[in-house]
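Source file: protein06.json. Holds: JSON, C-alpha atoms and all ligand atoms.
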```json
[["chain", "number", "residue", "atom", "x", "y", "z"],
["A", 268, "MET", "CA", 90.67, 107.36, 99.59],
["A", 269, "ILE", "CA", 91.91, 105.76, 102.80],
["A", 270, "GLU", "CA", 92.07, 101.95, 102.98],
["A", 271, "ALA", "CA", 91.83, 100.68, 106.55],
["A", 272, "THR", "CA", 91.12, 97.60, 108.65],
["A", 273, "LEU", "CA", 89.32, 96.59, 111.82],
["A", 274, "CYS", "CA", 89.87, 93.35, 113.74],
["A", 275, "PHE", "CA", 87.50, 91.88, 116.33],
["A", 276, "PRO", "CA", 89.07, 89.13, 118.51],
["A", 277, "LEU", "CA", 86.42, 86.89, 120.11],
["A", 278, "ARG", "CA", 86.63, 84.53, 123.08],
["A", 279, "ASP", "CA", 84.14, 82.05, 124.48],
["A", 280, "LEU", "CA", 83.60, 81.97, 128.25],
["A", 281, "GLU", "CA", 81.10, 79.97, 130.31],
["A", 282, "SER", "CA", 79.15, 83.23, 130.70],
["A", 283, "GLY", "CA", 78.99, 83.83, 126.91],
["A", 284, "THR", "CA", 81.07, 85.26, 124.07],
["A", 285, "GLU", "CA", 83.19, 88.38, 124.51],
["A", 286, "VAL", "CA", 84.73, 90.71, 121.92],
["A", 287, "LEU", "CA", 87.89, 92.72, 122.46],
["A", 288, "LEU", "CA", 87.13, 96.40, 121.88],
["A", 289, "ILE", "CA", 89.44, 99.36, 122.26],
["A", 290, "GLU", "CA", 88.79, 102.81, 123.64],
["A", 291, "LYS", "CA", 90.60, 104.88, 121.03],
["A", 292, "ARG", "CA", 93.06, 107.34, 122.57],
["A", 293, "ARG", "CA", 94.04, 109.36, 119.51],
["A", 294, "GLY", "CA", 93.29, 109.92, 115.83],
["A", 295, "LEU", "CA", 90.02, 109.39, 114.01],
["A", 296, "GLY", "CA", 87.25, 108.38, 116.43],
["A", 297, "GLU", "CA", 89.26, 109.39, 119.54],
["A", 298, "GLY", "CA", 87.34, 108.64, 122.75],
["A", 299, "TRP", "CA", 85.00, 106.13, 121.10],
["A", 300, "TYR", "CA", 85.02, 102.34, 121.29],
["A", 301, "ASN", "CA", 86.03, 100.41, 118.17],
["A", 302, "GLY", "CA", 87.97, 97.31, 117.18],
["A", 303, "PRO", "CA", 91.76, 97.41, 116.89],
["A", 304, "GLY", "CA", 92.67, 98.66, 113.42],
["A", 305, "GLY", "CA", 93.98, 101.47, 111.30],
["A", 306, "LYS", "CA", 95.21, 102.53, 107.89],
["A", 307, "LEU", "CA", 97.16, 100.31, 105.48],
["A", 308, "GLU", "CA", 100.82, 101.18, 105.10],
["A", 309, "THR", "CA", 102.51, 101.20, 101.69],
["A", 310, "GLY", "CA", 102.88, 97.68, 100.24],
["A", 311, "GLU", "CA", 100.81, 96.11, 103.00],
["A", 312, "THR", "CA", 97.86, 93.75, 102.40],
["A", 313, "PRO", "CA", 94.70, 94.29, 104.47],
["A", 314, "ARG", "CA", 95.43, 91.09, 106.46],
["A", 315, "GLU", "CA", 98.99, 92.25, 107.19],
["A", 316, "CYS", "CA", 97.58, 95.61, 108.32],
["A", 317, "ALA", "CA", 95.02, 93.98, 110.64],
["A", 318, "VAL", "CA", 97.76, 91.78, 112.18],
["A", 319, "ARG", "CA", 100.12, 94.75, 112.66],
["A", 320, "GLU", "CA", 97.49, 97.10, 114.07],
["A", 321, "THR", "CA", 96.22, 94.43, 116.50],
["A", 322, "ARG", "CA", 99.79, 93.84, 117.70],
["A", 323, "GLU", "CA", 100.61, 97.57, 117.96],
["A", 324, "GLU", "CA", 97.38, 98.67, 119.62],
["A", 325, "VAL", "CA", 96.63, 95.83, 122.07],
["A", 326, "GLY", "CA", 99.64, 93.46, 121.96],
["A", 327, "LEU", "CA", 97.80, 90.38, 120.65],
["A", 328, "GLU", "CA", 99.52, 88.16, 118.05],
["A", 329, "VAL", "CA", 97.28, 86.93, 115.25],
["A", 330, "ASP", "CA", 98.19, 84.67, 112.32],
["A", 331, "PRO", "CA", 96.79, 86.27, 109.14],
["A", 332, "ARG", "CA", 95.39, 82.83, 108.14],
["A", 333, "ASP", "CA", 93.22, 82.91, 111.27],
["A", 334, "LEU", "CA", 91.52, 86.16, 110.26],
["A", 335, "GLU", "CA", 88.03, 85.61, 108.90],
["A", 336, "LYS", "CA", 86.83, 88.34, 106.57],
["A", 337, "ALA", "CA", 83.53, 89.56, 107.98],
["A", 338, "ALA", "CA", 82.72, 92.86, 106.27],
["A", 339, "GLU", "CA", 83.65, 95.46, 103.71],
["A", 340, "LEU", "CA", 82.51, 98.94, 104.64],
["A", 341, "THR", "CA", 82.56, 102.03, 102.45],
["A", 342, "PHE", "CA", 82.35, 105.36, 104.27],
["A", 343, "LEU", "CA", 81.39, 108.34, 102.09],
["A", 344, "LEU", "CA", 81.87, 111.94, 103.14],
["A", 345, "ASP", "CA", 79.98, 114.58, 101.15],
["A", 346, "GLY", "CA", 79.49, 112.18, 98.22],
["A", 347, "ALA", "CA", 83.10, 110.98, 97.89],
["A", 348, "ILE", "CA", 84.61, 107.78, 99.27],
["A", 349, "HIS", "CA", 86.52, 108.71, 102.42],
["A", 350, "THR", "CA", 87.50, 105.25, 103.74],
["A", 351, "PHE", "CA", 87.20, 101.64, 102.54],
["A", 352, "CYS", "CA", 87.45, 99.35, 105.55],
["A", 353, "HIS", "CA", 88.16, 95.59, 105.65],
["A", 354, "VAL", "CA", 86.69, 94.01, 108.79],
["A", 355, "TYR", "CA", 87.93, 90.72, 110.27],
["A", 356, "ARG", "CA", 87.07, 88.57, 113.24],
["A", 357, "THR", "CA", 89.20, 85.89, 114.86],
["A", 358, "THR", "CA", 88.96, 83.38, 117.70],
["A", 359, "GLN", "CA", 92.67, 82.47, 117.42],
["A", 360, "PHE", "CA", 95.27, 84.77, 118.99],
["A", 361, "ALA", "CA", 98.16, 84.67, 121.44],
["A", 362, "GLY", "CA", 98.97, 86.92, 124.37],
["A", 363, "GLU", "CA", 97.05, 89.09, 126.77],
["A", 364, "PRO", "CA", 95.66, 92.49, 125.77],
["A", 365, "ARG", "CA", 97.69, 95.44, 127.04],
["A", 366, "GLU", "CA", 97.27, 99.20, 126.81],
["A", 367, "SER", "CA", 99.17, 101.26, 124.24],
["A", 368, "PRO", "CA", 99.39, 104.99, 123.46],
["A", 369, "GLU", "CA", 96.65, 104.45, 120.85],
["A", 370, "ALA", "CA", 94.22, 102.21, 122.68],
["A", 371, "ARG", "CA", 92.82, 100.91, 125.96],
["A", 372, "PRO", "CA", 91.56, 97.33, 125.38],
["A", 373, "GLU", "CA", 88.47, 95.94, 127.08],
["A", 374, "TRP", "CA", 86.72, 92.56, 126.78],
["A", 375, "VAL", "CA", 82.98, 93.17, 126.38],
["A", 376, "ASP", "CA", 80.10, 90.67, 126.23],
["A", 377, "VAL", "CA", 78.77, 90.61, 122.64],
["A", 378, "ASP", "CA", 75.31, 91.35, 124.04],
["A", 379, "ASP", "CA", 76.62, 94.38, 125.93],
["A", 380, "VAL", "CA", 78.52, 96.33, 123.25],
["A", 381, "PRO", "CA", 78.45, 100.09, 124.09],
["A", 382, "TYR", "CA", 77.00, 101.28, 120.77],
["A", 383, "GLU", "CA", 76.13, 104.67, 122.30],
["A", 384, "GLN", "CA", 79.90, 105.29, 122.64],
["A", 385, "MET", "CA", 80.79, 104.16, 119.11],
["A", 386, "TRP", "CA", 80.52, 105.40, 115.55],
["A", 387, "GLU", "CA", 76.80, 105.77, 114.74],
["A", 388, "ASP", "CA", 77.01, 103.29, 111.86],
["A", 389, "ASP", "CA", 78.45, 100.51, 114.02],
["A", 390, "GLN", "CA", 75.09, 99.44, 115.47],
["A", 391, "LEU", "CA", 73.94, 98.68, 111.90],
["A", 392, "TRP", "CA", 76.70, 96.22, 110.92],
["A", 393, "LEU", "CA", 78.69, 95.13, 113.99],
["A", 394, "PRO", "CA", 75.88, 92.97, 115.52],
["A", 395, "HIS", "CA", 75.87, 90.91, 112.30],
["A", 396, "VAL", "CA", 79.67, 90.59, 112.32],
["A", 397, "LEU", "CA", 79.61, 89.47, 115.97],
["A", 398, "ALA", "CA", 76.87, 86.95, 115.11],
["A", 399, "GLY", "CA", 79.17, 85.31, 112.53],
["A", 400, "GLU", "CA", 77.56, 86.82, 109.41],
["A", 401, "THR", "CA", 79.16, 88.68, 106.52],
["A", 402, "VAL", "CA", 78.21, 92.23, 105.55],
["A", 403, "ALA", "CA", 78.87, 94.71, 102.76],
["A", 404, "GLY", "CA", 77.82, 98.22, 103.72],
["A", 405, "GLU", "CA", 77.87, 101.78, 102.46],
["A", 406, "PHE", "CA", 77.50, 104.62, 104.95],
["A", 407, "GLN", "CA", 77.03, 108.26, 104.00],
["A", 408, "PHE", "CA", 78.17, 111.20, 106.09],
["A", 409, "GLU", "CA", 77.66, 114.88, 105.27],
["A", 410, "GLY", "CA", 78.47, 118.32, 106.60],
["A", 411, "GLY", "CA", 81.84, 119.49, 105.27],
["A", 412, "LYS", "CA", 83.57, 118.45, 108.48],
["A", 413, "PRO", "CA", 86.05, 115.70, 109.47],
["A", 414, "LEU", "CA", 84.41, 112.27, 109.26],
["A", 415, "ASP", "CA", 84.08, 111.92, 113.03],
["A", 416, "GLU", "CA", 82.28, 115.29, 113.26],
["A", 417, "ALA", "CA", 80.06, 114.83, 110.18],
["A", 418, "ALA", "CA", 76.38, 113.87, 110.26],
["A", 419, "PHE", "CA", 75.47, 110.26, 109.47],
["A", 420, "VAL", "CA", 72.68, 110.54, 106.89],
["A", 421, "ASP", "CA", 72.07, 107.27, 105.05],
["A", 422, "HIS", "CA", 73.19, 103.69, 104.59],
["A", 423, "ASP", "CA", 72.79, 100.56, 102.50],
["A", 424, "ILE", "CA", 73.63, 97.10, 103.86],
["A", 425, "GLU", "CA", 73.81, 93.68, 102.24],
["A", 426, "ARG", "CA", 74.13, 90.61, 104.47],
["A", 427, "GLY", "CA", 75.40, 87.15, 103.59],
["A", 428, "VAL", "CA", 77.93, 88.30, 101.01],
["A", 429, "SER", "CA", 80.80, 86.02, 99.93],
["A", 430, "PHE", "CA", 84.41, 87.01, 100.58],
["A", 431, "ASP", "CA", 85.88, 83.69, 99.37],
["A", 432, "GLY", "CA", 87.78, 85.43, 96.58],
["A", 433, "ALA", "CA", 89.04, 88.05, 99.01],
["A", 434, "ALA", "CA", 90.62, 85.35, 101.21],
["A", 435, "ARG", "CA", 92.44, 83.86, 98.20],
["A", 436, "ALA", "CA", 93.60, 87.35, 97.23],
["A", 437, "ASN", "CA", 94.96, 87.83, 100.79],
["A", 438, "GLU", "CA", 92.55, 90.75, 101.33],
["B", 1, "LIG", "C1", 82.63, 105.94, 109.86],
["B", 1, "LIG", "O1", 82.49, 104.84, 110.72],
["B", 1, "LIG", "C2", 83.50, 104.12, 111.19],
["B", 1, "LIG", "N1", 83.16, 103.13, 112.03],
["B", 1, "LIG", "C3", 84.11, 102.36, 112.58],
["B", 1, "LIG", "N2", 83.74, 101.38, 113.43],
["B", 1, "LIG", "N3", 85.44, 102.50, 112.33],
["B", 1, "LIG", "C4", 85.77, 103.48, 111.48],
["B", 1, "LIG", "C5", 84.86, 104.32, 110.88],
["B", 1, "LIG", "N4", 85.56, 105.17, 110.09],
["B", 1, "LIG", "C6", 86.86, 104.86, 110.19],
["B", 1, "LIG", "N5", 86.98, 103.82, 111.04],
["B", 1, "LIG", "C7", 88.18, 103.13, 111.48],
["B", 1, "LIG", "C8", 89.07, 102.68, 110.38],
["B", 1, "LIG", "C9", 90.39, 102.59, 111.09],
["B", 1, "LIG", "O2", 90.52, 101.31, 111.72],
["B", 1, "LIG", "C10", 90.30, 103.65, 112.16],
["B", 1, "LIG", "C11", 91.06, 104.90, 111.79],
["B", 1, "LIG", "O3", 92.21, 104.81, 112.43],
["B", 1, "LIG", "P1", 93.37, 105.91, 112.33],
["B", 1, "LIG", "O4", 93.01, 106.98, 111.35],
["B", 1, "LIG", "O5", 93.70, 106.34, 113.70],
["B", 1, "LIG", "O6", 94.47, 105.03, 111.69],
["B", 1, "LIG", "P2", 95.89, 104.61, 112.26],
["B", 1, "LIG", "O7", 96.61, 104.02, 111.10],
["B", 1, "LIG", "O8", 95.74, 103.74, 113.46],
["B", 1, "LIG", "O9", 96.44, 105.98, 112.73],
["B", 1, "LIG", "P3", 97.89, 106.63, 112.74],
["B", 1, "LIG", "O10", 97.96, 107.42, 111.45],
["B", 1, "LIG", "O11", 97.88, 107.50, 113.96],
["B", 1, "LIG", "O12", 98.90, 105.51, 112.82],
["B", 1, "LIG", "O13", 88.94, 104.00, 112.28]]
```

Just dump the structure as C-alpha cells.
Amino acid sequence: MIEATLCFPLRDLESGTEVLLIEKRRGLGEGWYNGPGGKLETGETPRECAVRETREEVGLEVDPRDLEKAAELTFLLDGAIHTFCHVYRTTQFAGEPRESPEARPEWVDVDDVPYEQMWEDDQLWLPHVLAGETVAGEFQFEGGKPLDEAAFVDHDIERGVSFDGAARANE
C-alpha cells in the first residue's frame, strides 16, 4: 500500500477564495490538476511529507503546525488498498509559487475548480475540503490497469469526521 499526501494552500482575495492547484507533469495522474503532494519517504510523517512535497513541487514553505488535516482518502484498486492519502489545507505559507519539473502551479477560484481535468473522485470530496469541512472517503477503482487508467466504480463518504487525534499524532 502506498501512503501519500495532498496539500491545498488557500488565499483570500477581495474577489473570493483561491486554491493553489498543480498541473501534474509526471507520475501518477500526469496531465491532470491536483494539489501538491506525493508519496511518504521512509521515516517521514504525513505532515513532513506534505511540507516537503509542497516545497519541492511549487516552492512554497509551510510550517507543519499550520497544516489542517482535512481528509483521509482510501483508494482501492481491484479490491485491494492501493493508496491511503492524508489531505491537508493551509492558509499560512511563505513564498510565491513557481514551476518545477513535477508541477505547474495555478491559483484557481474555489468556485471554478476544473473537476473535468482531475481525478474522477475529486468532485466528490474536494468541494467539502475547500469549504472547510472534514471528510473520510473510500473510492473503488477496477479494471486490472494502473490506478489512473482504471474505472471509478463506487465510493463511500463520511463528512464531519474528527482528526483531533491525528494532529496530536503528527499525522
Ligand atoms: C484516485 O484518486 C486520486 N485523487 C487525487 N486527487 N489524488 C490522488 C489520487 N490517487 C493518488 N493521488 C495522489 C496521491 C499523491 O499525492 C499523488 C501521487 O503522486 P506520485 O505517485 O507522483 O508521488 P511522488 O512521490 O510525487 O512521485 P515520485 O515517485 O516521482 O517522487 O497522487

So that all listed atoms of ligand LIG 1 (chain B) fit with 4 Å spare on each side, what axis-aligned box centre and edge lengths in Å, to one decimal, would you give as lines of an AutoDock Vina configuration file?
```
center_x = 90.7
center_y = 104.4
center_z = 111.9
size_x = 24.4
size_y = 14.2
size_z = 12.1
```

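Remark: for Val329 (chain A), the closest of the candidate residues A:Ile348, A:Leu288, A:Val396, A:Cys274 is A:Cys274 (distances computed over all atoms listed in the file).
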
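Closest approach to Gly304 (chain A) among A:Cys352, A:Val286, A:Leu280, A:Leu344 is made by A:Cys352 (distances from all atoms listed in the file).
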
**Study point:** All residues having an atom within 6 Å of ligand LIG 1 (chain B) (all atoms listed in the file) as an MDAnalysis selection string
**Key:** chainID A and resid 271:273 294:295 301 304:306 342 386 388:389

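A straight line drawn from CA of Thr321 (chain A) to CA of Ala418 (chain A) is 28.5 Å long.
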
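Reported to one decimal place, the separation of CA of Glu387 (chain A) from CA of Glu409 (chain A) is 13.2 Å.
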
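Closest approach to Pro303 (chain A) from the set A:Arg371, A:Lys336, A:His349, A:Arg278 is made by A:Arg371, with distances taken over all atoms listed in the file.
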
Point to revise | For Ala370 (chain A): contacts at 7 Å, all atoms listed in the file, fewer than 5 positions along chain excluded, given as a list in words | key: Ile289, Glu290, Lys291, Arg292, Glu324 and Val325 of chain A

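Nearest-residue note for Gly427 (chain A): choosing from A:Ala403, A:Met385, A:Cys316, A:Val377, the minimum distance belongs to A:Ala403, counting only C-alpha atoms.
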